[in-house]
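**Student:** If it helps, the file is called start-v6.txt and holds compact mmCIF, C-alpha atoms:
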```
# COMPACT_ATOMS: atom_id res chain seq x y z
CA MET A 379 11.06 -18.28 -49.07
CA LYS A 380 10.11 -21.48 -47.22
CA ALA A 381 12.72 -20.69 -44.55
CA HIS A 382 11.08 -17.31 -43.90
CA LEU A 383 7.63 -18.91 -43.65
CA ALA A 384 8.94 -21.38 -41.09
CA LEU A 385 9.96 -18.47 -38.85
CA ILE A 386 6.45 -17.01 -38.66
CA PRO A 387 5.05 -19.54 -36.15
CA ALA A 388 8.14 -19.13 -33.97
CA LEU A 389 7.75 -15.34 -33.97
CA VAL A 390 4.04 -15.59 -33.15
CA LEU A 391 4.75 -17.96 -30.24
CA SER A 392 7.52 -15.70 -29.00
CA ALA A 393 5.20 -12.67 -29.05
CA CYS A 394 2.52 -14.61 -27.16
CA ALA A 395 5.00 -15.71 -24.50
CA THR A 396 6.14 -12.14 -24.00
CA ALA A 397 2.56 -10.86 -23.81
CA SER A 398 1.54 -13.47 -21.23
CA THR A 399 4.26 -12.37 -18.79
CA ALA A 400 3.41 -8.68 -19.05
CA PRO A 401 0.93 -7.36 -16.48
CA ALA A 402 -2.63 -7.14 -17.79
CA SER A 403 -3.29 -3.78 -16.11
CA PRO A 404 -1.54 -1.03 -14.15
CA GLN A 405 -3.01 -2.60 -10.99
CA ASP A 406 -1.49 -5.97 -11.86
CA ALA A 407 1.87 -4.28 -12.48
CA PHE A 408 1.55 -2.45 -9.14
CA PHE A 409 0.72 -5.70 -7.32
CA GLN A 410 3.75 -7.37 -8.96
CA ARG A 411 5.98 -4.53 -7.75
CA LEU A 412 4.60 -4.95 -4.23
CA SER A 413 5.00 -8.75 -4.38
CA ALA A 414 8.65 -8.30 -5.31
CA LEU A 415 9.19 -6.71 -1.86
CA CYS A 416 7.81 -9.71 0.06
CA GLY A 417 9.92 -10.75 3.01
CA GLN A 418 11.73 -7.42 3.25
CA THR A 419 11.65 -4.73 5.93
CA PHE A 420 12.27 -1.02 5.37
CA GLU A 421 12.65 2.10 7.49
CA GLY A 422 10.73 5.26 6.67
CA ARG A 423 10.26 8.88 7.57
CA VAL A 424 7.41 11.35 7.52
CA THR A 425 7.94 13.69 4.55
CA THR A 426 5.11 16.14 5.24
CA ASP A 427 5.34 18.92 7.81
CA ASP A 428 1.97 19.00 9.57
CA PRO A 429 2.65 19.45 13.33
CA VAL A 430 -0.09 16.88 14.09
CA ASP A 431 2.36 14.22 12.81
CA ASP A 432 5.17 15.10 15.24
CA SER A 433 4.55 11.95 17.28
CA PHE A 434 5.17 9.84 14.15
CA ARG A 435 8.09 11.99 13.02
CA SER A 436 9.91 11.49 16.33
CA GLN A 437 9.79 7.67 16.25
CA ARG A 438 11.33 4.91 14.19
CA LEU A 439 8.93 3.93 11.36
CA ILE A 440 9.24 0.39 10.03
CA MET A 441 7.21 -1.52 7.45
CA GLN A 442 7.56 -5.18 6.64
CA VAL A 443 6.10 -6.63 3.45
CA ARG A 444 4.90 -10.10 4.39
CA ASP A 445 1.85 -12.33 4.51
CA CYS A 446 2.06 -12.54 0.72
CA SER A 447 -0.26 -14.59 -1.46
CA ALA A 448 -1.38 -14.32 -5.08
CA ASN A 449 -4.28 -12.04 -4.09
CA GLU A 450 -3.35 -10.36 -0.81
CA ILE A 451 -0.33 -8.79 0.87
CA GLY A 452 -0.16 -7.75 4.51
CA ILE A 453 2.24 -4.99 5.52
CA PRO A 454 2.74 -4.43 9.26
CA PHE A 455 3.63 -0.79 10.01
CA ALA A 456 5.35 -0.09 13.34
CA VAL A 457 5.55 3.37 14.87
CA GLY A 458 8.23 3.04 17.53
CA GLU A 459 7.12 0.19 19.79
CA ASP A 460 3.49 0.43 18.61
CA ARG A 461 2.93 -2.50 16.26
CA SER A 462 -0.85 -2.25 16.10
CA ARG A 463 -1.06 -1.20 12.44
CA ARG A 464 -1.14 -3.38 9.34
CA TRP A 465 -1.98 -2.39 5.77
CA VAL A 466 -3.70 -5.06 3.69
CA ILE A 467 -3.73 -4.77 -0.11
CA THR A 468 -6.06 -7.21 -1.85
CA ARG A 469 -6.91 -7.91 -5.48
CA THR A 470 -10.63 -7.56 -6.23
CA ASP A 471 -12.68 -8.23 -9.36
CA ALA A 472 -12.65 -4.48 -10.04
CA GLY A 473 -9.08 -3.57 -9.03
CA LEU A 474 -7.31 -3.28 -5.67
CA ARG A 475 -8.43 -2.68 -2.09
CA LEU A 476 -6.50 -1.11 0.79
CA LYS A 477 -7.65 -1.80 4.36
CA HIS A 478 -6.15 -0.79 7.70
CA ASP A 479 -6.09 -3.66 10.21
CA HIS A 480 -5.61 -2.32 13.75
CA ARG A 481 -5.05 -4.78 16.60
CA ASP A 482 -3.43 -4.61 20.02
CA GLU A 483 -0.47 -6.80 21.07
CA ASN A 484 -2.88 -9.66 21.88
CA GLY A 485 -4.44 -9.58 18.42
CA GLU A 486 -7.66 -7.95 19.62
CA ILE A 487 -9.30 -5.32 17.41
CA HIS A 488 -8.00 -1.90 18.37
CA GLY A 489 -9.99 1.28 17.63
CA TYR A 490 -10.94 1.82 14.01
CA HIS A 491 -10.56 -1.43 12.13
CA MET A 492 -10.52 -2.59 8.49
CA TYR A 493 -11.25 0.86 7.13
CA GLY A 494 -10.03 1.93 3.70
CA GLY A 495 -11.26 1.79 0.14
CA ASP A 496 -11.06 0.36 -3.36
CA THR A 497 -9.37 1.82 -6.40
CA ALA A 498 -11.80 3.87 -8.51
CA GLU A 499 -9.44 4.24 -11.47
CA ALA A 500 -6.73 2.11 -13.07
CA GLY A 501 -3.92 4.18 -11.56
CA THR A 502 -0.39 3.38 -12.67
CA ALA A 503 2.19 0.71 -12.01
CA GLU A 504 3.77 3.25 -9.62
CA ARG A 505 0.76 4.75 -7.80
CA GLN A 506 -2.66 3.51 -6.74
CA GLU A 507 -5.30 5.63 -4.96
CA PHE A 508 -7.98 4.28 -2.64
CA PRO A 509 -10.92 6.63 -1.91
CA VAL A 510 -12.76 5.92 1.34
CA ASP A 511 -15.49 3.27 0.93
CA GLN A 512 -19.01 3.35 2.36
CA ASP A 513 -18.28 0.86 5.16
CA SER A 514 -15.44 3.08 6.34
CA ILE A 515 -17.59 6.22 6.07
CA ASP A 516 -20.21 4.51 8.24
CA GLN A 517 -17.54 3.50 10.77
CA PHE A 518 -16.11 7.03 10.91
CA ASN A 519 -19.54 8.64 11.23
CA ALA A 520 -20.55 6.26 14.03
CA ALA A 521 -17.42 7.23 15.98
CA GLY A 522 -17.75 10.97 15.33
CA ALA A 523 -14.72 11.10 13.02
CA THR A 524 -16.59 12.80 10.17
CA VAL A 525 -13.40 14.55 9.04
CA SER A 526 -12.20 11.13 7.78
CA THR A 527 -15.19 10.58 5.49
CA THR A 528 -13.35 12.19 2.57
CA ASN A 529 -10.07 10.32 3.01
CA VAL A 530 -8.12 9.15 -0.01
CA TRP A 531 -5.19 6.85 0.65
CA ALA A 532 -2.45 6.24 -1.88
CA VAL A 533 0.47 3.87 -2.13
CA GLU A 534 3.42 4.42 -4.43
CA ILE A 535 6.10 1.91 -5.31
CA ARG A 536 9.21 3.14 -7.08
CA PRO A 537 11.36 -0.01 -7.42
CA GLY A 538 14.86 0.41 -6.06
CA ASP A 539 13.91 3.80 -4.60
CA ALA A 540 10.87 4.21 -2.35
CA PHE A 541 7.55 2.91 -1.05
CA VAL A 542 5.20 5.75 -0.09
CA TYR A 543 2.05 5.63 2.03
CA GLU A 544 -0.18 8.70 1.81
CA LEU A 545 -3.38 9.95 3.43
CA SER A 546 -5.04 13.03 1.97
CA ARG A 547 -8.27 14.95 2.45
CA PRO A 548 -9.13 18.65 2.45
CA ASN A 549 -6.66 20.48 4.70
CA ARG A 550 -4.71 17.28 5.48
CA LEU A 551 -1.77 15.52 3.86
CA PHE A 552 0.29 12.81 5.53
CA ARG A 553 3.09 10.97 3.70
CA VAL A 554 5.61 8.41 4.89
CA GLU A 555 8.40 7.41 2.52
CA PHE A 556 10.27 4.15 3.04
CA ASP A 557 13.77 3.72 1.64
CA LEU A 558 13.81 0.65 -0.63
CA THR A 559 17.55 0.96 -1.23
CA ARG A 560 18.38 -0.30 2.26
CA PRO A 561 16.38 -3.20 3.72
CA VAL A 562 16.72 -3.32 7.52
CA GLU A 563 16.32 -5.86 10.29
CA ARG A 564 13.10 -5.55 12.23
```
Is it possible to give me this structure as structure tokens?

**Tutor:**
Amino acid sequence: MKAHLALIPALVLSACATASTAPASPQDAFFQRLSALCGQTFEGRVTTDDPVDDSFRSQRLIMQVRDCSANEIGIPFAVGEDRSRRWVITRTDAGLRLKHDHRDENGEIHGYHMYGGDTAEAGTAERQEFPVDQDSIDQFNAAGATVSTTNVWAVEIRPGDAFVYELSRPNRLFRVEFDLTRPVER
């Protein structure tokens, strides 16, 4: 009997160690999945068929997961030779934030800048959605891009399979899927 009682503290400690390594939320699990891609580059393709996306569809699409810290990950997204786009995913007190950092080749702000949104729900370890935030709505309205005031962006990470970037709003869906099975050279 004493031998069995001696095992109880060991089992409790083992359970605590396991629990401490598990993500605390779906957003933490998602961020861990994204962090696991740091330093890698992947090629993608547009998977939706809206003719407005033909210019993207006809070019090489590359994303590079880099600029990684415990609370923020920067992901440059190149469309052919245009390297002005960078997605930034940040941990917040309430969840995750996605922003779009647009700069020209000299690092100067280019067009719309730092627009995006925060998660409104827990999402899943695989998919997080980012409804447009008020700062972005104000930026879009000021520039006459009112159609973008209902944007919802989403990012999906299916380990060993795909990373997906998505923009949706009424009458608009844009998705790019990056192949995680084959890292590429930039």

**Student:** Suppose you want the space between atom CA of Asp445 of chain A and atom CA of Phe408 of chain A; what is it in Å?

**Tutor:** 16.9 Å

**Student:** What's the 10 Å shell around segment 537-551 of chain A, counting all atoms listed in the file, without same-chain residues fewer than 6 positions away, as JSON, numbers by chain?

**Tutor:** {"A": [411, 412, 414, 415, 420, 421, 422, 423, 424, 425, 426, 427, 428, 430, 431, 441, 465, 504, 505, 507, 508, 509, 525, 526, 527, 528, 529, 530, 531, 557, 558, 559, 560]}

**Student:** Take atom CA of Asp496 of chain A and atom CA of Leu474 of chain A and report the distance between them in Å, one decimal.

**Tutor:**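 These two atoms are separated by 5.7 Å.
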
**Student:** Write out as an NGL selection string the residues lying within 12 Å of Leu476 of chain A, counting only C-alpha atoms and excluding same-chain residues fewer than 3 positions away.

**Tutor:** :A and (409 or 450-453 or 464-470 or 473 or 479 or 492-498 or 506-511 or 514 or 530-533 or 543-545)

**Student:** Suppose you want the space between atom CA of Ser403 of chain A and atom CA of Val443 of chain A; what is it in Å?

**Tutor:**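 Straight-line distance from atom CA of Ser403 of chain A to atom CA of Val443 of chain A works out to 21.9 Å.
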
**Student:** Axis-aligned box over every listed atom of segment 534-551 of chain A, padded by 3 Å per side: centre and edges in Å to one decimal, as JSON?

**Tutor:**
```
{"center_x": 2.9, "center_y": 10.2, "center_z": -1.0, "size_x": 30.0, "size_y": 26.5, "size_z": 18.9}
```

**Student:** If we count only C-alpha atoms and set the cut-off at 9 Å, which residues sit around Thr524 of chain A, ignoring sequence neighbours fewer than 5 positions away in its own chain? Please answer as a list of chain:residue names.

**Tutor:**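 The contact residues come out as A:Ile515, A:Phe518, A:Asn519.
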
**Student:** Identify which of the residues A:Ala521, A:Ala448, A:Val554, A:Val562 lies closest to Gln410 of chain A, counting only C-alpha atoms when measuring atom-to-atom distances.

**Tutor:** A:Ala448
